[in-house]
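structure_8.pdb follows (PDB, C-alpha atoms):
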```pdb
MODEL        1
ATOM      1  CA  MET N 228     -19.145 -19.438   0.252
ATOM      2  CA  ARG N 229     -18.058 -17.119  -2.570
ATOM      3  CA  GLN N 230     -14.572 -16.483  -3.881
ATOM      4  CA  ILE N 231     -13.303 -14.438  -6.787
ATOM      5  CA  ARG N 232     -10.557 -16.196  -8.700
ATOM      6  CA  ILE N 233      -8.445 -15.617 -11.787
ATOM      7  CA  ALA N 234     -10.367 -18.257 -13.716
ATOM      8  CA  ARG N 235      -9.261 -17.202 -17.218
ATOM      9  CA  PRO N 236      -5.768 -15.661 -17.064
ATOM     10  CA  ASP N 237      -5.776 -14.623 -20.732
ATOM     11  CA  ALA N 238      -8.940 -12.520 -20.256
ATOM     12  CA  VAL N 239      -7.285 -10.091 -17.756
ATOM     13  CA  ILE N 240     -10.018  -8.284 -15.732
ATOM     14  CA  ASP N 241     -12.807 -10.153 -17.519
ATOM     15  CA  GLY N 242     -11.129 -13.380 -16.381
ATOM     16  CA  LEU N 243     -12.053 -12.712 -12.751
ATOM     17  CA  ASP N 244     -14.980 -14.997 -11.904
ATOM     18  CA  VAL N 245     -17.069 -15.667  -8.796
ATOM     19  CA  VAL N 246     -16.988 -19.322  -7.713
ATOM     20  CA  GLU N 247     -18.664 -21.230  -4.879
ATOM     21  CA  VAL N 248     -16.417 -23.240  -2.565
ATOM     22  CA  GLU N 249     -16.735 -24.940   0.806
ATOM     23  CA  LYS N 250     -16.002 -22.810   3.862
ATOM     24  CA  PRO N 251     -12.611 -23.743   5.383
ATOM     25  CA  VAL N 252     -12.131 -24.950   8.958
ATOM     26  CA  PRO N 253      -9.327 -23.489  11.105
ATOM     27  CA  GLY N 254      -6.638 -25.889  12.275
ATOM     28  CA  PRO N 255      -4.212 -25.579  15.201
ATOM     29  CA  GLY N 256      -3.096 -21.962  15.660
ATOM     30  CA  GLN N 257      -5.356 -20.803  12.827
ATOM     31  CA  VAL N 258      -8.183 -18.259  12.648
ATOM     32  CA  LEU N 259     -11.291 -18.254  10.435
ATOM     33  CA  VAL N 260     -12.026 -14.663   9.393
ATOM     34  CA  ARG N 261     -15.308 -13.490   7.888
ATOM     35  CA  MET N 262     -14.186 -10.821   5.416
ATOM     36  CA  ARG N 263     -16.141  -7.551   5.423
ATOM     37  CA  ALA N 264     -14.118  -5.415   3.022
ATOM     38  CA  ALA N 265     -11.047  -5.523   0.777
ATOM     39  CA  SER N 266      -9.049  -2.917  -1.125
ATOM     40  CA  LEU N 267      -6.991  -2.813  -4.317
ATOM     41  CA  ASN N 268      -3.370  -1.888  -4.930
ATOM     42  CA  TYR N 269      -1.614  -1.291  -8.246
ATOM     43  CA  ARG N 270       0.051  -4.672  -7.692
ATOM     44  CA  ASP N 271      -3.388  -6.299  -8.085
ATOM     45  CA  LEU N 272      -3.820  -4.772 -11.534
ATOM     46  CA  MET N 273      -0.327  -5.929 -12.532
ATOM     47  CA  THR N 274      -1.145  -9.415 -11.234
ATOM     48  CA  VAL N 275      -4.179  -9.922 -13.462
ATOM     49  CA  LYS N 276      -2.314  -8.405 -16.418
ATOM     50  CA  GLY N 277       0.625 -10.760 -15.928
ATOM     51  CA  THR N 278       3.163  -7.957 -15.430
ATOM     52  CA  TYR N 279       3.901  -8.718 -11.769
ATOM     53  CA  GLY N 280       6.492 -11.462 -11.722
ATOM     54  CA  GLY N 281       5.025 -13.474 -14.581
ATOM     55  CA  PRO N 282       1.698 -14.733 -15.943
ATOM     56  CA  PRO N 283      -1.185 -14.851 -13.437
ATOM     57  CA  ARG N 284      -1.773 -18.212 -11.789
ATOM     58  CA  ARG N 285      -5.042 -19.824 -12.818
ATOM     59  CA  GLY N 286      -7.296 -20.194  -9.788
ATOM     60  CA  LEU N 287      -5.493 -17.552  -7.689
ATOM     61  CA  VAL N 288      -7.700 -15.628  -5.256
ATOM     62  CA  PRO N 289      -6.395 -12.048  -5.604
ATOM     63  CA  LEU N 290      -5.931  -9.094  -3.213
ATOM     64  CA  SER N 291      -3.708  -8.834  -0.167
ATOM     65  CA  ASP N 292      -5.672  -6.152   1.685
ATOM     66  CA  GLY N 293      -8.818  -6.730   3.678
ATOM     67  CA  ALA N 294     -10.558  -6.538   7.034
ATOM     68  CA  GLY N 295     -13.071  -8.721   8.811
ATOM     69  CA  GLU N 296     -14.088 -10.333  12.056
ATOM     70  CA  VAL N 297     -13.050 -13.598  13.628
ATOM     71  CA  GLU N 298     -15.669 -16.325  13.161
ATOM     72  CA  ALA N 299     -13.830 -19.167  14.867
ATOM     73  CA  VAL N 300     -10.381 -20.180  16.062
ATOM     74  CA  GLY N 301      -8.545 -23.482  15.904
ATOM     75  CA  PRO N 302      -7.025 -25.474  18.770
ATOM     76  CA  GLY N 303      -4.238 -23.699  20.642
ATOM     77  CA  THR N 304      -5.030 -20.238  19.250
ATOM     78  CA  THR N 305      -4.396 -17.528  21.873
ATOM     79  CA  LEU N 306      -4.058 -14.163  20.105
ATOM     80  CA  PHE N 307      -7.663 -13.739  18.930
ATOM     81  CA  LYS N 308     -11.194 -14.835  19.790
ATOM     82  CA  ALA N 309     -14.535 -14.876  17.983
ATOM     83  CA  GLY N 310     -15.814 -11.357  17.305
ATOM     84  CA  ASP N 311     -12.390  -9.669  17.164
ATOM     85  CA  ARG N 312     -11.864  -7.256  14.252
ATOM     86  CA  VAL N 313      -8.700  -8.028  12.305
ATOM     87  CA  CYS N 314      -6.620  -7.329   9.202
ATOM     88  CA  PRO N 315      -4.271  -9.821   7.534
ATOM     89  CA  ILE N 316      -0.626  -8.853   7.130
ATOM     90  CA  PHE N 317       0.721  -8.719   3.574
ATOM     91  CA  CYS N 318       3.623 -11.171   4.006
ATOM     92  CA  GLN N 319       2.265 -13.864   6.286
ATOM     93  CA  SER N 320       5.747 -15.011   7.337
ATOM     94  CA  TRP N 321       7.314 -11.567   7.957
ATOM     95  CA  LEU N 322       6.614 -11.004  11.624
ATOM     96  CA  GLY N 323       9.528  -8.735  12.542
ATOM     97  CA  GLY N 324      13.148  -7.891  11.870
ATOM     98  CA  GLY N 325      14.606  -7.423   8.417
ATOM     99  CA  LEU N 326      13.256  -8.734   5.153
ATOM    100  CA  THR N 327      14.603 -12.091   3.984
ATOM    101  CA  GLU N 328      13.855 -14.254   0.991
ATOM    102  CA  ALA N 329      11.863 -16.577   3.233
ATOM    103  CA  ASN N 330       9.695 -13.660   4.401
ATOM    104  CA  THR N 331       8.652 -12.743   0.873
ATOM    105  CA  ALA N 332       7.446 -16.273   0.106
ATOM    106  CA  GLY N 333       4.144 -15.804   1.939
ATOM    107  CA  ALA N 334       2.568 -12.821   0.167
ATOM    108  CA  LEU N 335      -1.232 -12.825  -0.008
ATOM    109  CA  GLY N 336      -2.722 -12.479  -3.473
ATOM    110  CA  GLY N 337       0.559 -13.644  -5.010
ATOM    111  CA  THR N 338       2.319 -16.775  -3.803
ATOM    112  CA  LEU N 339      -0.650 -17.387  -1.477
ATOM    113  CA  ASP N 340      -4.358 -17.015  -2.173
ATOM    114  CA  GLY N 341      -5.614 -13.583  -1.209
ATOM    115  CA  VAL N 342      -8.610 -12.218   0.659
ATOM    116  CA  LEU N 343     -11.297 -11.830  -2.030
ATOM    117  CA  SER N 344     -13.336 -14.572  -0.387
ATOM    118  CA  ASP N 345     -16.269 -14.546   2.022
ATOM    119  CA  SER N 346     -14.072 -16.276   4.631
ATOM    120  CA  VAL N 347     -10.359 -17.010   4.881
ATOM    121  CA  VAL N 348      -8.227 -19.123   7.212
ATOM    122  CA  LEU N 349      -4.893 -17.657   8.305
ATOM    123  CA  HIS N 350      -2.419 -18.379  11.062
ATOM    124  CA  GLU N 351      -3.007 -16.173  14.103
ATOM    125  CA  THR N 352       0.400 -14.495  13.678
ATOM    126  CA  GLY N 353      -0.674 -13.411  10.189
ATOM    127  CA  LEU N 354      -3.300 -11.046  11.609
ATOM    128  CA  VAL N 355      -3.343  -7.746  13.524
ATOM    129  CA  SER N 356      -6.118  -6.004  15.436
ATOM    130  CA  ILE N 357      -7.946  -3.087  13.800
ATOM    131  CA  PRO N 358      -7.847   0.365  15.467
ATOM    132  CA  GLU N 359     -11.194   0.800  17.206
ATOM    133  CA  HIS N 360     -12.193   4.044  15.457
ATOM    134  CA  LEU N 361     -11.886   2.611  11.938
ATOM    135  CA  SER N 362     -14.648   0.968   9.907
ATOM    136  CA  PHE N 363     -14.000  -2.317   8.110
ATOM    137  CA  GLU N 364     -13.779  -0.385   4.823
ATOM    138  CA  GLU N 365     -11.164   1.987   6.243
ATOM    139  CA  ALA N 366      -9.174  -0.808   7.876
ATOM    140  CA  ALA N 367      -9.153  -2.800   4.627
ATOM    141  CA  THR N 368      -6.909  -0.120   3.062
ATOM    142  CA  LEU N 369      -4.051  -0.617   5.539
ATOM    143  CA  PRO N 370      -2.098  -3.880   4.946
ATOM    144  CA  CYS N 371      -0.142  -2.967   1.803
ATOM    145  CA  ALA N 372      -0.326   0.751   0.967
ATOM    146  CA  ALA N 373      -0.324   2.129   4.503
ATOM    147  CA  VAL N 374       2.386  -0.204   5.817
ATOM    148  CA  THR N 375       4.512   0.551   2.740
ATOM    149  CA  ALA N 376       4.247   4.293   3.355
ATOM    150  CA  TRP N 377       5.005   3.840   7.056
ATOM    151  CA  HIS N 378       8.035   1.654   6.271
ATOM    152  CA  SER N 379       9.404   4.240   3.833
ATOM    153  CA  LEU N 380       9.009   7.170   6.216
ATOM    154  CA  ARG N 381       9.965   5.591   9.540
ATOM    155  CA  HIS N 382      12.452   2.880   8.616
ATOM    156  CA  VAL N 383      14.077   4.240   5.434
ATOM    157  CA  GLY N 384      13.739   8.003   5.844
ATOM    158  CA  ASP N 385      13.739   8.111   9.674
ATOM    159  CA  VAL N 386      11.426  11.095   9.245
ATOM    160  CA  THR N 387      11.001  13.373  12.252
ATOM    161  CA  ALA N 388       9.393  16.740  12.961
ATOM    162  CA  GLY N 389      10.937  19.500  10.858
ATOM    163  CA  ASN N 390      12.009  17.220   7.990
ATOM    164  CA  THR N 391      10.756  17.777   4.438
ATOM    165  CA  VAL N 392       9.177  14.907   2.492
ATOM    166  CA  LEU N 393       8.295  14.640  -1.202
ATOM    167  CA  VAL N 394       5.342  12.462  -2.241
ATOM    168  CA  GLN N 395       4.366  11.662  -5.826
ATOM    169  CA  GLY N 396       0.788  11.510  -7.059
ATOM    170  CA  THR N 397      -2.412  10.823  -5.137
ATOM    171  CA  GLY N 398      -2.679   7.037  -5.134
ATOM    172  CA  GLY N 399      -2.925   4.890  -2.033
ATOM    173  CA  VAL N 400       0.717   4.859  -0.894
ATOM    174  CA  SER N 401       1.223   8.547  -1.641
ATOM    175  CA  ILE N 402      -1.857   9.691   0.268
ATOM    176  CA  PHE N 403      -0.919   7.545   3.262
ATOM    177  CA  ALA N 404       2.628   8.942   3.108
ATOM    178  CA  LEU N 405       1.207  12.473   3.084
ATOM    179  CA  GLN N 406      -0.998  11.762   6.101
ATOM    180  CA  PHE N 407       1.759  10.029   8.066
ATOM    181  CA  ALA N 408       4.406  12.651   7.244
ATOM    182  CA  ALA N 409       2.067  15.448   8.328
ATOM    183  CA  MET N 410       1.297  13.468  11.490
ATOM    184  CA  MET N 411       5.042  13.233  12.184
ATOM    185  CA  GLY N 412       5.411  17.007  11.928
ATOM    186  CA  ALA N 413       7.179  17.017   8.564
ATOM    187  CA  ARG N 414       6.717  19.536   5.775
ATOM    188  CA  VAL N 415       5.220  17.767   2.740
ATOM    189  CA  ILE N 416       5.658  18.663  -0.933
ATOM    190  CA  GLY N 417       3.488  16.788  -3.419
ATOM    191  CA  THR N 418       3.275  16.324  -7.182
ATOM    192  CA  SER N 419       0.283  15.507  -9.370
ATOM    193  CA  SER N 420      -1.029  16.185 -12.860
ATOM    194  CA  SER N 421      -4.300  17.502 -11.387
ATOM    195  CA  ASP N 422      -4.696  20.868  -9.656
ATOM    196  CA  GLU N 423      -7.992  19.614  -8.230
ATOM    197  CA  LYS N 424      -6.294  16.617  -6.583
ATOM    198  CA  LEU N 425      -3.497  18.804  -5.263
ATOM    199  CA  GLU N 426      -6.079  21.098  -3.676
ATOM    200  CA  ARG N 427      -7.732  18.091  -2.008
ATOM    201  CA  ALA N 428      -4.318  16.990  -0.791
ATOM    202  CA  ARG N 429      -3.822  20.355   0.873
ATOM    203  CA  GLY N 430      -6.766  19.475   3.077
ATOM    204  CA  LEU N 431      -4.800  16.432   4.292
ATOM    205  CA  GLY N 432      -1.718  18.438   5.229
ATOM    206  CA  LEU N 433       0.098  19.067   1.937
ATOM    207  CA  ASP N 434       2.251  22.187   2.357
ATOM    208  CA  ALA N 435       3.360  22.787  -1.251
ATOM    209  CA  ALA N 436       1.901  21.507  -4.529
ATOM    210  CA  ILE N 437       3.541  20.996  -7.933
ATOM    211  CA  ASN N 438       1.635  20.149 -11.107
ATOM    212  CA  TYR N 439       4.127  18.078 -13.096
ATOM    213  CA  ARG N 440       2.245  18.610 -16.368
ATOM    214  CA  THR N 441       2.646  22.372 -16.255
ATOM    215  CA  MET N 442       6.063  22.059 -14.579
ATOM    216  CA  PRO N 443       7.742  18.944 -16.070
ATOM    217  CA  GLU N 444      11.124  19.794 -14.491
ATOM    218  CA  TRP N 445       9.488  19.570 -11.096
ATOM    219  CA  GLN N 446      12.735  18.752  -9.320
ATOM    220  CA  ASP N 447      13.804  22.369  -9.929
ATOM    221  CA  GLU N 448      10.685  23.607  -8.161
ATOM    222  CA  VAL N 449      11.377  21.245  -5.256
ATOM    223  CA  LEU N 450      14.852  22.756  -4.938
ATOM    224  CA  ARG N 451      13.394  26.270  -5.077
ATOM    225  CA  LEU N 452      10.863  25.429  -2.358
ATOM    226  CA  THR N 453      13.652  24.094  -0.139
ATOM    227  CA  GLY N 454      16.071  26.966  -0.666
ATOM    228  CA  GLY N 455      18.236  24.906  -2.983
ATOM    229  CA  LEU N 456      18.818  22.148  -0.427
ATOM    230  CA  GLY N 457      16.363  19.442  -1.499
ATOM    231  CA  VAL N 458      14.074  17.247   0.592
ATOM    232  CA  ASP N 459      15.102  14.889   3.378
ATOM    233  CA  HIS N 460      13.115  11.945   2.020
ATOM    234  CA  VAL N 461      11.342  11.016  -1.226
ATOM    235  CA  VAL N 462       8.513   8.476  -1.395
ATOM    236  CA  GLU N 463       9.268   7.288  -4.937
ATOM    237  CA  VAL N 464       6.324   5.552  -6.636
ATOM    238  CA  GLY N 465       6.997   6.387 -10.282
ATOM    239  CA  GLY N 466      10.076   4.336 -11.078
ATOM    240  CA  ALA N 467      12.115   4.842 -14.228
ATOM    241  CA  GLY N 468      10.352   8.012 -15.348
ATOM    242  CA  THR N 469      10.764   9.851 -12.062
ATOM    243  CA  LEU N 470      13.761   8.391 -10.232
ATOM    244  CA  ALA N 471      16.397  10.641 -11.823
ATOM    245  CA  ARG N 472      14.375  13.720 -10.855
ATOM    246  CA  SER N 473      13.815  12.346  -7.362
ATOM    247  CA  ILE N 474      17.581  11.950  -6.898
ATOM    248  CA  ARG N 475      18.057  15.581  -7.915
ATOM    249  CA  ALA N 476      15.234  16.690  -5.605
ATOM    250  CA  ALA N 477      16.764  14.971  -2.549
ATOM    251  CA  ARG N 478      19.201  16.842  -0.336
ATOM    252  CA  VAL N 479      22.825  15.800  -0.032
ATOM    253  CA  GLY N 480      22.734  12.755   2.236
ATOM    254  CA  GLY N 481      18.954  12.419   1.812
ATOM    255  CA  SER N 482      17.034   9.204   1.266
ATOM    256  CA  ILE N 483      14.640   7.727  -1.288
ATOM    257  CA  GLY N 484      12.232   4.880  -0.592
ATOM    258  CA  ILE N 485      11.656   3.141  -3.945
ATOM    259  CA  ILE N 486       8.163   1.694  -3.948
ATOM    260  CA  GLY N 487       6.628   1.623  -7.413
ATOM    261  CA  VAL N 488       7.351   1.025 -11.067
ATOM    262  CA  LEU N 489       4.383   2.953 -12.457
ATOM    263  CA  THR N 490       6.449   4.435 -15.278
ATOM    264  CA  GLY N 491       8.253   1.266 -16.313
ATOM    265  CA  ARG N 492      11.885   0.245 -16.008
ATOM    266  CA  SER N 493      15.195   1.721 -17.144
ATOM    267  CA  GLU N 494      18.815   2.165 -16.129
ATOM    268  CA  VAL N 495      19.764   5.015 -13.799
ATOM    269  CA  ASP N 496      22.994   7.015 -14.023
ATOM    270  CA  PRO N 497      24.678   6.539 -10.619
ATOM    271  CA  THR N 498      26.692   9.772 -10.875
ATOM    272  CA  ALA N 499      24.119  11.945  -9.101
ATOM    273  CA  ILE N 500      23.660   9.289  -6.408
ATOM    274  CA  LEU N 501      27.407   9.255  -5.798
ATOM    275  CA  PHE N 502      27.967  13.009  -5.655
ATOM    276  CA  ARG N 503      24.837  13.765  -3.630
ATOM    277  CA  ARG N 504      25.351  10.702  -1.383
ATOM    278  CA  VAL N 505      21.664   9.866  -1.670
ATOM    279  CA  GLY N 506      20.543   6.616  -0.073
ATOM    280  CA  LEU N 507      18.186   4.460  -2.196
ATOM    281  CA  ARG N 508      16.317   1.531  -0.718
ATOM    282  CA  GLY N 509      13.586  -0.665  -2.098
ATOM    283  CA  VAL N 510      10.509  -0.858   0.115
ATOM    284  CA  TYR N 511       8.523  -4.093   0.027
ATOM    285  CA  VAL N 512       5.516  -3.443   2.281
ATOM    286  CA  GLY N 513       6.565  -4.318   5.861
ATOM    287  CA  SER N 514       6.413  -6.688   8.808
ATOM    288  CA  ARG N 515       3.708  -7.465  11.340
ATOM    289  CA  GLU N 516       5.756  -5.497  13.859
ATOM    290  CA  MET N 517       5.662  -2.408  11.593
ATOM    291  CA  PHE N 518       1.914  -2.856  11.029
ATOM    292  CA  GLU N 519       1.222  -2.907  14.765
ATOM    293  CA  ALA N 520       3.390   0.179  15.391
ATOM    294  CA  MET N 521       1.600   2.005  12.575
ATOM    295  CA  ASN N 522      -1.798   1.056  14.000
ATOM    296  CA  ARG N 523      -0.822   2.470  17.389
ATOM    297  CA  ALA N 524       0.033   5.781  15.732
ATOM    298  CA  ILE N 525      -3.210   5.755  13.714
ATOM    299  CA  ALA N 526      -5.223   5.123  16.890
ATOM    300  CA  LEU N 527      -3.376   7.802  18.871
ATOM    301  CA  HIS N 528      -3.960  10.480  16.237
ATOM    302  CA  GLY N 529      -7.423   9.304  15.167
ATOM    303  CA  MET N 530      -6.219   9.216  11.552
ATOM    304  CA  ARG N 531      -8.649   7.981   8.908
ATOM    305  CA  PRO N 532      -7.671   6.520   5.529
ATOM    306  CA  VAL N 533      -8.936   8.254   2.403
ATOM    307  CA  ILE N 534     -11.368   6.130   0.393
ATOM    308  CA  ASP N 535     -11.967   7.155  -3.208
ATOM    309  CA  SER N 536     -14.835   4.790  -3.975
ATOM    310  CA  THR N 537     -16.503   1.594  -2.792
ATOM    311  CA  PHE N 538     -17.837  -1.246  -4.962
ATOM    312  CA  PRO N 539     -19.985  -4.211  -3.932
ATOM    313  CA  PHE N 540     -18.450  -7.686  -4.151
ATOM    314  CA  GLU N 541     -20.565  -8.459  -7.219
ATOM    315  CA  ARG N 542     -18.968  -5.529  -9.084
ATOM    316  CA  ALA N 543     -15.352  -6.334  -8.255
ATOM    317  CA  ARG N 544     -14.352  -6.154 -11.923
ATOM    318  CA  ASP N 545     -15.540  -2.531 -11.986
ATOM    319  CA  ALA N 546     -13.223  -1.788  -9.074
ATOM    320  CA  TRP N 547     -10.291  -3.087 -11.154
ATOM    321  CA  ARG N 548     -11.371  -0.981 -14.118
ATOM    322  CA  HIS N 549     -11.571   2.095 -11.928
ATOM    323  CA  LEU N 550      -8.029   1.399 -10.708
ATOM    324  CA  GLU N 551      -6.889   0.950 -14.304
ATOM    325  CA  GLY N 552      -8.381   4.341 -15.195
ATOM    326  CA  ALA N 553      -5.993   6.017 -12.708
ATOM    327  CA  THR N 554      -8.444   8.773 -11.771
ATOM    328  CA  HIS N 555      -8.760   7.765  -8.116
ATOM    329  CA  PHE N 556      -7.709   9.804  -5.081
ATOM    330  CA  GLY N 557      -6.855   7.466  -2.219
ATOM    331  CA  LYS N 558      -8.041   3.871  -2.019
ATOM    332  CA  ILE N 559     -10.563   1.758  -3.933
ATOM    333  CA  VAL N 560     -12.554  -0.595  -1.712
ATOM    334  CA  ILE N 561     -14.712  -3.684  -2.276
ATOM    335  CA  ARG N 562     -17.453  -4.241   0.289
ATOM    336  CA  PHE N 563     -18.679  -7.760   1.054
TER     337      PHE N 563
ENDMDL
END
```

Spit out the file's structure as structure tokens when you get a sec.
Amino acid sequence: MRQIRIARPDAVIDGLDVVEVEKPVPGPGQVLVRMRAASLNYRDLMTVKGTYGGPPRRGLVPLSDGAGEVEAVGPGTTLFKAGDRVCPIFCQSWLGGGLTEANTAGALGGTLDGVLSDSVVLHETGLVSIPEHLSFEEAATLPCAAVTAWHSLRHVGDVTAGNTVLVQGTGGVSIFALQFAAMMGARVIGTSSSDEKLERARGLGLDAAINYRTMPEWQDEVLRLTGGLGVDHVVEVGGAGTLARSIRAARVGGSIGIIGVLTGRSEVDPTAILFRRVGLRGVYVGSREMFEAMNRAIALHGMRPVIDSTFPFERARDAWRHLEGATHFGKIVIRF
């Protein structure tokens, strides 16, 4: 069977090579999954560039996000059977409860080989069922970006109907956050450098749009749109370049889910956090329990992920280059 591995770490995207390996056999409690689709996250670009926790590991199979169908199960497996449609969870050891250091040790496409392989073997507890109305390509977008957005809104922001949420940009996490927040009955304000993308976002439920190129002090516009109060929750994907503005855009006692470091790293003045009593929490994807709750909501509302573009397995490098170009709206998918 085929796998894509980081065969030449110093070559970055060009170092991703297709190799032939023997198909694995599931052991006790394990499931053999025939992968049908996978999707990329910004983390996957950082991984091949060596900016995500250190130099890329030679031989690593990348990508955490995928979807497929069960080919076979090992002895004692009870949760799934052949033919079931499944997604892997991002952290294979984080089944429920709070995040611990032990939970983070089993991340696909990082400490563990990922899903960019014709077939993978995972423990049955490291999988969830796919909502029936979703295609494999749509389901493949869920494990990292969607669960991260859900975690930020439900478990950090405790977002409910009537709240106001700020989302940044139109990448995977931000679009999922927009869709989920609208589904929860929240008012959503969004930022982007593209009026065209903001108009597309309106079709997904965006209530107010801010172009941060024409309005660089966008936090002031957020305050104007909220009558000077600020938003209840910010889905913060920018990092150093946006965090100070996000703190100012949040209401007194509001919350910020810190997800990304797209604009690098820096120190933040804690004064505004103190006086506005804003709660900041890092969001590292989520548990199997969160994934299953999110899937129930997706199924109930018939929500469909937004796919920007789809590449065949043989053109996986082009998918990375498209991600690097940062022109996408929604998710980039690789079809097997």

Distance query range 431-439 of chain N at most 6 Å, only C-alpha atoms, self and fewer than 5 positions along chain excluded, as a list in words: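 The residues satisfying every condition are Ala409, Val415, Ile416, Gly417, Thr418, Ser419, Ser420 and Trp445 of chain N.
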
Computed interatomic separation between CA of Glu364 in chain N and CA of Phe518 in chain N (Å):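 That distance, rounded to one decimal, is 17.1 Å.
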
Set the distance at 12 Å and use only C-alpha atoms: which residues neighbour Trp321 in chain N once local chain neighbours fewer than 4 positions away are removed? I'd like the list as a list in words.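 The residues that qualify are Pro315, Ile316, Phe317, Gly325, Leu326, Thr327, Glu328, Ala329, Asn330, Thr331, Ala332, Gly333, Ala334, Leu335, Thr352, Gly353, Leu354, Tyr511, Val512, Gly513, Ser514, Arg515, Glu516, Met517 and Phe518 of chain N.
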
Rank N:Val239, N:Ala299, N:Leu380, N:Cys318 by their smallest atom-to-atom distance to Gly484 in chain N, using all atoms listed in the file, and report the top residue only.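 Closest candidate: N:Leu380.
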
At a cut-off of 12 Å, using only C-alpha atoms, what residues contact range 244-247 of chain N? Leave out same-chain residues fewer than 2 positions from it and give the result as a VMD selection string. chain N and resid 228 to 236 238 to 242 249 to 250 285 to 289 343 to 346 540 to 544

Contact residues around Val347 in chain N with only C-alpha atoms at 9 Å, ignoring same-chain residues under 6 positions, as an MDAnalysis selection string: chainID N and resid 250:251 258:262 341

Can you translate the PyMOL selection byres ((chain N and resi 394-396) around 10) into the concrete residues it hits in this file, as a compact mmCIF listing (two decimals) with C-alpha atoms, keeping the file's coordinate frame?
```txt
# COMPACT_ATOMS: atom_id res chain seq x y z
CA ALA N 376 4.25 4.29 3.36
CA VAL N 392 9.18 14.91 2.49
CA LEU N 393 8.30 14.64 -1.20
CA THR N 397 -2.41 10.82 -5.14
CA GLY N 398 -2.68 7.04 -5.13
CA GLY N 399 -2.92 4.89 -2.03
CA VAL N 400 0.72 4.86 -0.89
CA SER N 401 1.22 8.55 -1.64
CA ILE N 402 -1.86 9.69 0.27
CA PHE N 403 -0.92 7.54 3.26
CA ALA N 404 2.63 8.94 3.11
CA LEU N 405 1.21 12.47 3.08
CA ALA N 408 4.41 12.65 7.24
CA VAL N 415 5.22 17.77 2.74
CA ILE N 416 5.66 18.66 -0.93
CA GLY N 417 3.49 16.79 -3.42
CA THR N 418 3.28 16.32 -7.18
CA SER N 419 0.28 15.51 -9.37
CA SER N 420 -1.03 16.18 -12.86
CA SER N 421 -4.30 17.50 -11.39
CA LYS N 424 -6.29 16.62 -6.58
CA LEU N 425 -3.50 18.80 -5.26
CA ALA N 428 -4.32 16.99 -0.79
CA LEU N 433 0.10 19.07 1.94
CA ALA N 436 1.90 21.51 -4.53
CA ILE N 437 3.54 21.00 -7.93
CA ASN N 438 1.64 20.15 -11.11
CA TYR N 439 4.13 18.08 -13.10
CA HIS N 460 13.12 11.94 2.02
CA VAL N 461 11.34 11.02 -1.23
CA VAL N 462 8.51 8.48 -1.40
CA GLU N 463 9.27 7.29 -4.94
CA VAL N 464 6.32 5.55 -6.64
CA GLY N 465 7.00 6.39 -10.28
CA THR N 469 10.76 9.85 -12.06
CA SER N 473 13.82 12.35 -7.36
CA PHE N 556 -7.71 9.80 -5.08
CA GLY N 557 -6.86 7.47 -2.22
```

When the PyMOL selection byres ((chain N and resi 273) around 12) is applied to the structure above, which residues does it catch, written out as a list in words?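 Matching residues under the PyMOL selection byres ((chain N and resi 273) around 12) are Val239, Ile240, Leu267, Asn268, Tyr269, Arg270, Asp271, Leu272, Thr274, Val275, Lys276, Gly277, Thr278, Tyr279, Gly280, Gly281, Pro282, Pro283, Pro289, Leu290, Gly336, Gly337, Gly487, Val488, Leu489, Gly491, Trp547, Leu550 and Glu551 of chain N.
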
Do a neighbour search on Ser482 in chain N at 10 Å with all atoms listed in the file, toss out local chain neighbours closer than 2 positions, and write the hits as a list in words.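 The neighbour list is Ser379, Leu380, Val383, Gly384, Asp385, Val386, Val392, Val458, Asp459, His460, Val461, Val462, Ser473, Ile474, Ala477, Arg478, Val479, Gly480, Gly484, Ile485, Arg504, Val505, Gly506, Leu507 and Arg508 of chain N.
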
Coordinates-based distance that separates CA of Ile559 in chain N from CA of Gly323 in chain N (Å, one decimal):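 We find that CA of Gly323 in chain N and CA of Ile559 in chain N lie 28.0 Å from each other.
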
For Lys558 in chain N, the nearest of the candidates N:Thr305, N:Thr498, N:Ser266, N:Thr338, counting all atoms listed in the file: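 Looking at the shortest contact to Lys558 in chain N, the residue is N:Ser266.
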
Would you work out the distance separating CA of Arg475 in chain N from CA of Met411 in chain N, expressed in Å to one decimal?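 Atom-to-atom, CA of Arg475 in chain N to CA of Met411 in chain N, that is 24.1 Å.
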
Nearby residues, (-2.9, -1.3, 6.9) file frame, 9 Å, only C-alpha atoms, as a list of chain:residue names: N:Asp292, N:Gly293, N:Cys314, N:Pro315, N:Ile316, N:Phe317, N:Ile357, N:Glu365, N:Ala366, N:Ala367, N:Thr368, N:Leu369, N:Pro370, N:Cys371, N:Ala372, N:Ala373, N:Val374, N:Thr375, N:Phe518, N:Met521, N:Asn522

Closest of N:Arg427, N:Arg562, N:His555, N:Arg263 to Phe538 in chain N - atom-to-atom distances counting only C-alpha atoms: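 Of N:Arg427, N:Arg562, N:His555, N:Arg263, the one nearest Phe538 in chain N, counting only C-alpha atoms, is N:Arg562.
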
Of the candidates N:Val297, N:Val355, N:Ile561, N:Ala467, which one gets nearest to Gln319 in chain N if we count only C-alpha atoms?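 So, comparing all the options, the nearest one is N:Val355.
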
Have a look at N:Asp237, N:Thr387, N:Val300, N:Ser291 and name the one nearest to Gly256 in chain N; count all atoms listed in the file.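 Of all the options, N:Val300 lies closest to Gly256 in chain N.
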
Find, counting only C-alpha atoms, the residue in N:Leu470, N:Ala526, N:Leu456, N:Val342 that gets nearest to His360 in chain N. N:Ala526

With 3 Å added on each side, what axis-aligned box encloses every listed atom of range 503-514 of chain N? Give the centre and edge lengths in Å to one decimal, as AutoDock Vina command-line options.
```
--center_x 15.4 --center_y 3.5 --center_z 2.6 --size_x 25.8 --size_y 26.5 --size_z 18.4
```
